[in-house]
$ cat input-v4.txt   # compact mmCIF, C-alpha atoms and all ligand atoms
# COMPACT_ATOMS: atom_id res chain seq x y z
CA MET A 87 131.69 102.74 107.36
CA ASN A 88 128.73 104.45 105.67
CA GLU A 89 126.62 106.83 107.69
CA LEU A 90 123.06 105.60 108.22
CA THR A 91 120.14 108.02 108.41
CA ILE A 92 117.21 106.61 110.36
CA ALA A 93 113.74 108.16 110.27
CA MET A 94 112.21 107.74 113.71
CA PRO A 95 108.56 108.42 114.47
CA LYS A 96 108.00 110.93 117.24
CA GLY A 97 105.27 110.08 119.71
CA ARG A 98 104.02 106.66 120.78
CA ILE A 99 106.49 104.48 118.89
CA PHE A 100 109.66 106.43 119.68
CA ASP A 101 110.48 105.14 123.17
CA GLU A 102 110.03 101.46 122.36
CA ALA A 103 111.94 101.75 119.10
CA TYR A 104 114.81 103.64 120.72
CA GLN A 105 114.92 101.10 123.55
CA MET A 106 115.21 98.32 120.98
CA LEU A 107 118.18 100.02 119.34
CA LEU A 108 119.84 100.30 122.76
CA GLU A 109 119.19 96.59 123.40
CA ALA A 110 120.67 95.80 120.00
CA GLY A 111 123.91 97.26 121.35
CA PHE A 112 124.01 100.64 119.68
CA ASN A 113 125.92 103.16 121.70
CA LEU A 114 123.24 105.83 121.92
CA PRO A 115 122.67 108.37 124.68
CA GLU A 116 120.36 106.68 127.23
CA GLU A 117 118.49 109.83 127.98
CA VAL A 118 117.38 111.41 124.77
CA GLU A 119 116.39 114.81 126.04
CA MET A 120 113.20 115.36 124.15
CA SER A 121 114.27 118.79 123.06
CA ARG A 122 112.81 120.39 119.99
CA LYS A 123 115.73 119.06 117.97
CA LEU A 124 114.56 117.21 114.89
CA MET A 125 117.92 115.82 113.91
CA LEU A 126 120.23 113.87 116.21
CA GLU A 127 123.79 113.02 115.21
CA ILE A 128 125.49 110.05 116.88
CA PRO A 129 129.01 110.27 115.42
CA GLU A 130 130.35 107.26 117.41
CA GLU A 131 127.85 105.00 115.65
CA LYS A 132 127.78 106.91 112.37
CA ILE A 133 124.04 107.19 112.80
CA ARG A 134 121.84 110.20 112.26
CA PHE A 135 118.23 110.22 113.43
CA ILE A 136 115.57 112.36 111.90
CA LEU A 137 112.48 112.69 114.05
CA SER A 138 109.29 112.94 112.07
CA LYS A 139 105.54 112.50 112.32
CA PRO A 140 104.74 108.75 112.16
CA MET A 141 102.80 109.24 108.90
CA ASP A 142 105.82 110.92 107.29
CA VAL A 143 108.44 108.22 108.00
CA PRO A 144 107.75 106.30 104.75
CA VAL A 145 107.93 109.57 102.80
CA TYR A 146 111.50 110.25 103.96
CA VAL A 147 112.48 106.64 103.31
CA GLU A 148 110.88 106.46 99.86
CA HIS A 149 112.68 109.65 98.83
CA GLY A 150 115.97 108.28 100.13
CA VAL A 151 116.70 111.14 102.54
CA ALA A 152 116.48 108.47 105.23
CA ASP A 153 118.05 105.07 104.50
CA ILE A 154 115.81 103.26 106.91
CA GLY A 155 112.88 104.05 109.13
CA ILE A 156 110.46 102.69 111.66
CA ALA A 157 106.81 102.86 110.69
CA GLY A 158 103.50 101.41 111.82
CA LYS A 159 102.01 98.75 109.56
CA ASP A 160 98.86 100.91 109.50
CA VAL A 161 100.81 103.69 107.83
CA LEU A 162 102.47 101.28 105.37
CA LEU A 163 99.15 99.70 104.38
CA GLU A 164 97.56 103.10 103.96
CA GLN A 165 100.32 104.66 101.87
CA GLN A 166 101.67 101.74 99.79
CA ARG A 167 105.04 103.40 99.22
CA GLU A 168 108.09 102.05 97.38
CA VAL A 169 110.03 100.88 100.44
CA HIS A 170 111.30 97.49 101.53
CA GLU A 171 109.76 96.09 104.71
CA LEU A 172 112.65 94.35 106.44
CA LEU A 173 111.52 93.31 109.89
CA ASP A 174 108.47 93.19 112.13
CA LEU A 175 109.72 94.74 115.37
CA LYS A 176 106.54 93.65 117.18
CA ILE A 177 106.36 96.89 119.14
CA SER A 178 103.51 99.41 119.45
CA THR A 179 101.04 96.66 118.68
CA CYS A 180 97.38 97.41 118.17
CA TYR A 181 94.79 96.64 115.51
CA ILE A 182 92.43 98.31 113.11
CA ALA A 183 88.72 97.64 113.47
CA SER A 184 85.39 99.06 112.51
CA ALA A 185 83.21 100.40 115.30
CA GLY A 186 80.00 102.28 115.83
CA LEU A 187 77.07 102.85 118.15
CA PRO A 188 75.78 99.60 119.68
CA ASN A 189 72.94 97.68 117.99
CA THR A 190 73.01 99.70 114.81
CA THR A 191 73.08 98.56 111.22
CA MET A 192 74.75 100.53 108.48
CA ASN A 193 72.61 102.77 106.28
CA GLU A 194 71.81 100.51 103.33
CA ILE A 195 72.07 103.08 100.59
CA ALA A 196 75.30 104.93 101.26
CA PRO A 197 76.83 103.98 104.58
CA ARG A 198 79.30 106.59 105.77
CA ILE A 199 82.63 105.56 107.25
CA ALA A 200 84.78 108.06 109.13
CA THR A 201 88.49 107.31 109.26
CA LYS A 202 92.07 108.50 109.22
CA TYR A 203 92.76 105.53 106.91
CA PRO A 204 90.70 106.04 103.73
CA ASN A 205 92.58 103.48 101.63
CA ILE A 206 92.50 100.72 104.24
CA ALA A 207 88.80 101.37 104.87
CA MET A 208 87.88 101.48 101.18
CA LYS A 209 89.78 98.25 100.49
CA TYR A 210 88.14 96.52 103.43
CA TYR A 211 84.57 97.46 102.50
CA LYS A 212 85.20 96.70 98.82
CA GLY A 213 86.47 93.29 99.91
CA ILE A 214 83.23 92.51 101.70
CA GLY A 215 81.14 93.91 98.87
CA GLU A 216 79.89 97.06 100.61
CA GLN A 217 79.77 100.33 98.74
CA VAL A 218 80.56 103.08 101.23
CA GLU A 219 81.24 106.79 101.40
CA ILE A 220 84.50 107.56 103.16
CA ILE A 221 84.74 110.66 105.34
CA GLU A 222 88.36 111.43 106.10
CA LEU A 223 89.16 112.87 109.52
CA ASN A 224 92.48 113.59 111.22
CA GLY A 225 91.73 112.55 114.79
CA SER A 226 89.02 112.14 117.42
CA ILE A 227 87.47 109.68 114.96
CA GLU A 228 85.16 108.27 117.68
CA LEU A 229 83.18 111.51 117.59
CA ALA A 230 81.79 110.74 114.13
CA PRO A 231 79.10 108.16 115.05
CA MET A 232 78.31 109.99 118.27
CA ILE A 233 77.28 113.15 116.47
CA GLY A 234 75.71 111.49 113.43
CA LEU A 235 78.49 112.14 110.94
CA ALA A 236 79.06 108.46 110.15
CA ASP A 237 77.56 104.98 110.58
CA ARG A 238 80.91 103.42 111.37
CA ILE A 239 84.51 104.37 112.01
CA VAL A 240 87.61 102.52 110.94
CA ASP A 241 90.33 103.23 113.47
CA ILE A 242 93.08 101.89 115.69
CA VAL A 243 92.09 100.00 118.81
CA SER A 244 94.64 99.32 121.49
CA THR A 245 93.18 99.01 124.99
CA GLY A 246 89.62 99.62 123.76
CA ARG A 247 89.28 102.42 126.29
CA THR A 248 88.47 105.18 123.82
CA LEU A 249 85.64 103.14 122.28
CA LYS A 250 84.24 102.22 125.67
CA GLU A 251 84.38 105.70 127.15
CA ASN A 252 82.56 107.05 124.13
CA GLY A 253 79.84 104.43 124.14
CA LEU A 254 80.95 102.68 120.96
CA VAL A 255 81.37 98.98 120.21
CA GLU A 256 83.67 97.14 117.89
CA TYR A 257 82.04 95.50 114.84
CA GLU A 258 84.72 93.98 112.62
CA PHE A 259 88.40 93.25 113.12
CA ILE A 260 90.29 94.45 110.05
CA THR A 261 94.03 93.92 110.56
CA ASP A 262 96.78 93.65 113.14
CA VAL A 263 99.31 96.48 113.43
CA SER A 264 102.87 96.63 114.73
CA SER A 265 105.93 98.70 113.88
CA ARG A 266 108.16 97.67 111.00
CA LEU A 267 111.72 98.42 109.98
CA ILE A 268 111.67 99.75 106.43
CA ALA A 269 114.44 100.63 103.98
CA ASN A 270 114.91 102.68 100.87
CA PRO A 271 115.58 100.18 98.04
CA VAL A 272 118.70 102.00 96.80
CA SER A 273 120.13 102.40 100.32
CA TYR A 274 119.46 98.71 100.85
CA ARG A 275 121.80 97.93 97.96
CA MET A 276 124.39 100.67 98.56
CA LYS A 277 124.59 100.28 102.34
CA SER A 278 123.75 96.59 102.55
CA ASP A 279 126.49 95.77 105.08
CA ARG A 280 125.20 98.29 107.58
CA ILE A 281 121.54 97.54 107.01
CA ILE A 282 121.95 93.76 107.19
CA ASP A 283 123.96 94.17 110.40
CA LEU A 284 121.21 96.33 111.87
CA VAL A 285 118.50 93.82 110.91
CA LYS A 286 120.48 90.93 112.45
CA ARG A 287 121.00 92.82 115.68
CA LEU A 288 117.39 93.96 115.94
CA LYS A 289 116.06 90.50 115.09
CA LYS A 290 117.68 89.20 118.27
CA CYS A 291 115.73 91.75 120.31
CA VAL A 292 112.28 91.02 118.87
CA LYS A 293 110.09 89.66 121.65
N1 LIG A 301 96.44 103.38 120.58
C1 LIG A 301 97.06 103.73 119.47
N2 LIG A 301 96.56 104.71 118.72
C2 LIG A 301 97.19 105.13 117.61
N3 LIG A 301 98.33 104.58 117.14
C3 LIG A 301 98.87 103.58 117.83
C4 LIG A 301 98.26 103.11 119.04
N4 LIG A 301 99.04 102.13 119.51
C5 LIG A 301 100.06 101.99 118.66
N5 LIG A 301 99.97 102.85 117.63
C6 LIG A 301 100.96 103.01 116.54
O1 LIG A 301 101.49 104.30 116.71
C7 LIG A 301 101.40 105.09 115.53
C8 LIG A 301 100.89 106.46 115.82
O2 LIG A 301 101.69 107.07 116.78
P1 LIG A 301 101.21 108.46 117.41
O3 LIG A 301 99.91 108.26 118.09
O4 LIG A 301 102.37 108.96 118.17
O5 LIG A 301 101.03 109.32 116.11
P2 LIG A 301 99.84 110.11 115.48
O6 LIG A 301 98.59 110.00 116.30
O7 LIG A 301 99.75 109.69 114.05
O8 LIG A 301 100.46 111.47 115.53
P3 LIG A 301 99.83 112.83 115.84
O9 LIG A 301 98.69 112.59 116.81
O10 LIG A 301 101.00 113.53 116.44
O11 LIG A 301 99.40 113.30 114.49
C9 LIG A 301 100.42 104.38 114.62
O12 LIG A 301 100.84 104.53 113.28
C10 LIG A 301 100.40 102.93 115.11
O13 LIG A 301 101.26 102.16 114.31
O1 LIG A 302 92.04 101.59 122.30
P1 LIG A 302 92.74 102.78 122.91
O2 LIG A 302 93.86 102.37 123.82
O3 LIG A 302 91.80 103.73 123.57
O4 LIG A 302 93.49 103.56 121.73
C1 LIG A 302 92.83 103.91 120.54
C2 LIG A 302 92.74 105.37 120.35
O5 LIG A 302 94.04 105.94 120.28
C3 LIG A 302 94.19 106.65 119.05
O6 LIG A 302 93.85 107.97 119.18
P2 LIG A 302 94.92 109.08 119.60
O7 LIG A 302 95.17 109.02 121.06
O8 LIG A 302 96.12 108.98 118.72
O9 LIG A 302 94.11 110.38 119.30
P3 LIG A 302 93.63 111.01 117.93
O10 LIG A 302 93.50 109.93 116.87
O11 LIG A 302 92.31 111.58 118.30
O12 LIG A 302 94.65 112.02 117.58
C4 LIG A 302 93.18 105.97 118.13
O13 LIG A 302 92.82 106.82 117.04
C5 LIG A 302 92.04 105.68 119.04
O14 LIG A 302 91.20 106.80 119.20
$ encode --input "input-v4.txt" --output "structure tokens" --more "lines below"
Ligand SMILES: Nc1ncnc2c1ncn2[C@@H]1O[C@H](COP(=O)(O)OP(=O)(O)OP(=O)(O)O)[C@@H](O)[C@H]1O
Ligand SMILES: O=P(O)(O)OC[C@H]1O[C@H](OP(=O)(O)OP(=O)(O)O)[C@H](O)[C@@H]1O
Amino acid sequence: MNELTIAMPKGRIFDEAYQMLLEAGFNLPEEVEMSRKLMLEIPEEKIRFILSKPMDVPVYVEHGVADIGIAGKDVLLEQQREVHELLDLKISTCYIASAGLPNTTMNEIAPRIATKYPNIAMKYYKGIGEQVEIIELNGSIELAPMIGLADRIVDIVSTGRTLKENGLVEYEFITDVSSRLIANPVSYRMKSDRIIDLVKRLKKCVK
């Protein structure tokens, strides 16, 4: 049996994704002590996990150092990497929307959009025929309209709490997001038995 290297996102997605693998019948330690270890070997299952930043999962998979990975659709849409998307796990669901201060219109000449997702935002505004200036930020995106840096933000909404607590309102829904199982195209051919088995088992656990 081939060994499978799985790139797992640390943070929000990890627990749900790991739980799904347990439900799919993989013999993994129930309590993953969240040590500082970035690589976890599970010899009984011939699985090795690498724990990475969510944004980096597709990088490891595209380069083939991980055979498969679990990544948010937001990250996949933003990066457009050469990976196969095998299954929608329907976990860590949220959506991407535009938001801003209430009752405001966008500056007509060069509206400014703050976001962690420059490609998604640019594609969206191009699609609706708006020419915008993108301001890329790495977090706390909601600050941008509050302090006059941008007319709108394009960001993830889950409960809506961050928008609300910062006095912002949602303007346009852009796209739904959930976590996906992705594979390196070469691994998919070379380790097809293992990967197809994994997909079949996970498919049964999708809720
Ligand atoms: N409320 C949410 N905010 C952000 N991402 C969410 C949310 N709900 C689900 N997700 C999913 O989780 C992923 C981000 O996970 P997480 O927040 O752990 O990482 P991150 O914010 O990119 O990492 P870091 O803050 O460590 O740089 C997203 O790519 C998205 O698919
Ligand atoms: O609708 P909600 O449930 O409030 O979730 C949405 C918020 O969560 C994420 O931020 P995160 O906590 O990752 O912080 P950061 O982007 O500032 O790092 C996202 O960028 C929103 O700000």
$ closest_residue --input "input-v4.txt" --among "A:Thr190, A:Thr261, A:Gln217, A:Thr179" --to "ligand LIG 302 (chain A)" --atoms "only C-alpha atoms and all ligand atoms"
A:Thr179
$ residues_near_ligand --input "input-v4.txt" --ligand "ligand LIG 302 (chain A)" --cutoff "6 Å" --atoms "all atoms listed in the file" --output "NGL selection string"
:A and (225-226 or 241-248)
$ write_last_selection --input "input-v4.txt" --atoms "C-alpha atoms" --output "compact mmCIF listing (two decimals), in the frame of the given file"
# COMPACT_ATOMS: atom_id res chain seq x y z
CA GLY A 225 91.73 112.55 114.79
CA SER A 226 89.02 112.14 117.42
CA ASP A 241 90.33 103.23 113.47
CA ILE A 242 93.08 101.89 115.69
CA VAL A 243 92.09 100.00 118.81
CA SER A 244 94.64 99.32 121.49
CA THR A 245 93.18 99.01 124.99
CA GLY A 246 89.62 99.62 123.76
CA ARG A 247 89.28 102.42 126.29
CA THR A 248 88.47 105.18 123.82
$ axis_aligned_box --input "input-v4.txt" --around "ligand LIG 301 (chain A)" --padding-each-side "6 Å" --output "AutoDock Vina command-line options"
--center_x 99.4 --center_y 107.8 --center_z 116.9 --size_x 17.9 --size_y 23.5 --size_z 19.3
$ residues_near_point --input "input-v4.txt" --point "(77.7, 100.0, 102.3)" --cutoff "8 Å" --atoms "only C-alpha atoms" --output "PyMOL selection string"
chain A and resi 192-198+211+215-219
$ write_last_selection --input "input-v4.txt" --atoms "C-alpha atoms" --output "mmCIF file, in the coordinates of the input"
data_model
loop_
_atom_site.group_PDB
_atom_site.id
_atom_site.type_symbol
_atom_site.label_atom_id
_atom_site.label_comp_id
_atom_site.auth_asym_id
_atom_site.auth_seq_id
_atom_site.Cartn_x
_atom_site.Cartn_y
_atom_site.Cartn_z
ATOM 1 C CA MET A 192 74.750 100.530 108.480
ATOM 2 C CA ASN A 193 72.610 102.770 106.280
ATOM 3 C CA GLU A 194 71.810 100.510 103.330
ATOM 4 C CA ILE A 195 72.070 103.080 100.590
ATOM 5 C CA ALA A 196 75.300 104.930 101.260
ATOM 6 C CA PRO A 197 76.830 103.980 104.580
ATOM 7 C CA ARG A 198 79.300 106.590 105.770
ATOM 8 C CA TYR A 211 84.570 97.460 102.500
ATOM 9 C CA GLY A 215 81.140 93.910 98.870
ATOM 10 C CA GLU A 216 79.890 97.060 100.610
ATOM 11 C CA GLN A 217 79.770 100.330 98.740
ATOM 12 C CA VAL A 218 80.560 103.080 101.230
ATOM 13 C CA GLU A 219 81.240 106.790 101.400
#
$ residues_near_point --input "input-v4.txt" --point "(96.2, 92.4, 112.9)" --cutoff "10 Å" --atoms "all atoms listed in the file" --output "number ranges by chain"
A: 159-160, 179-183, 259-264
$ atom_distance --input "input-v4.txt" --atom1 "atom O3 of ligand LIG 301 (chain A)" --atom2 "CA of Asn224 in chain A"
11.4 Å
$ closest_residue --input "input-v4.txt" --among "A:Val151, A:Ile133, A:Val118, A:Leu126" --to "Gln105 in chain A" --atoms "only C-alpha atoms"
A:Val118
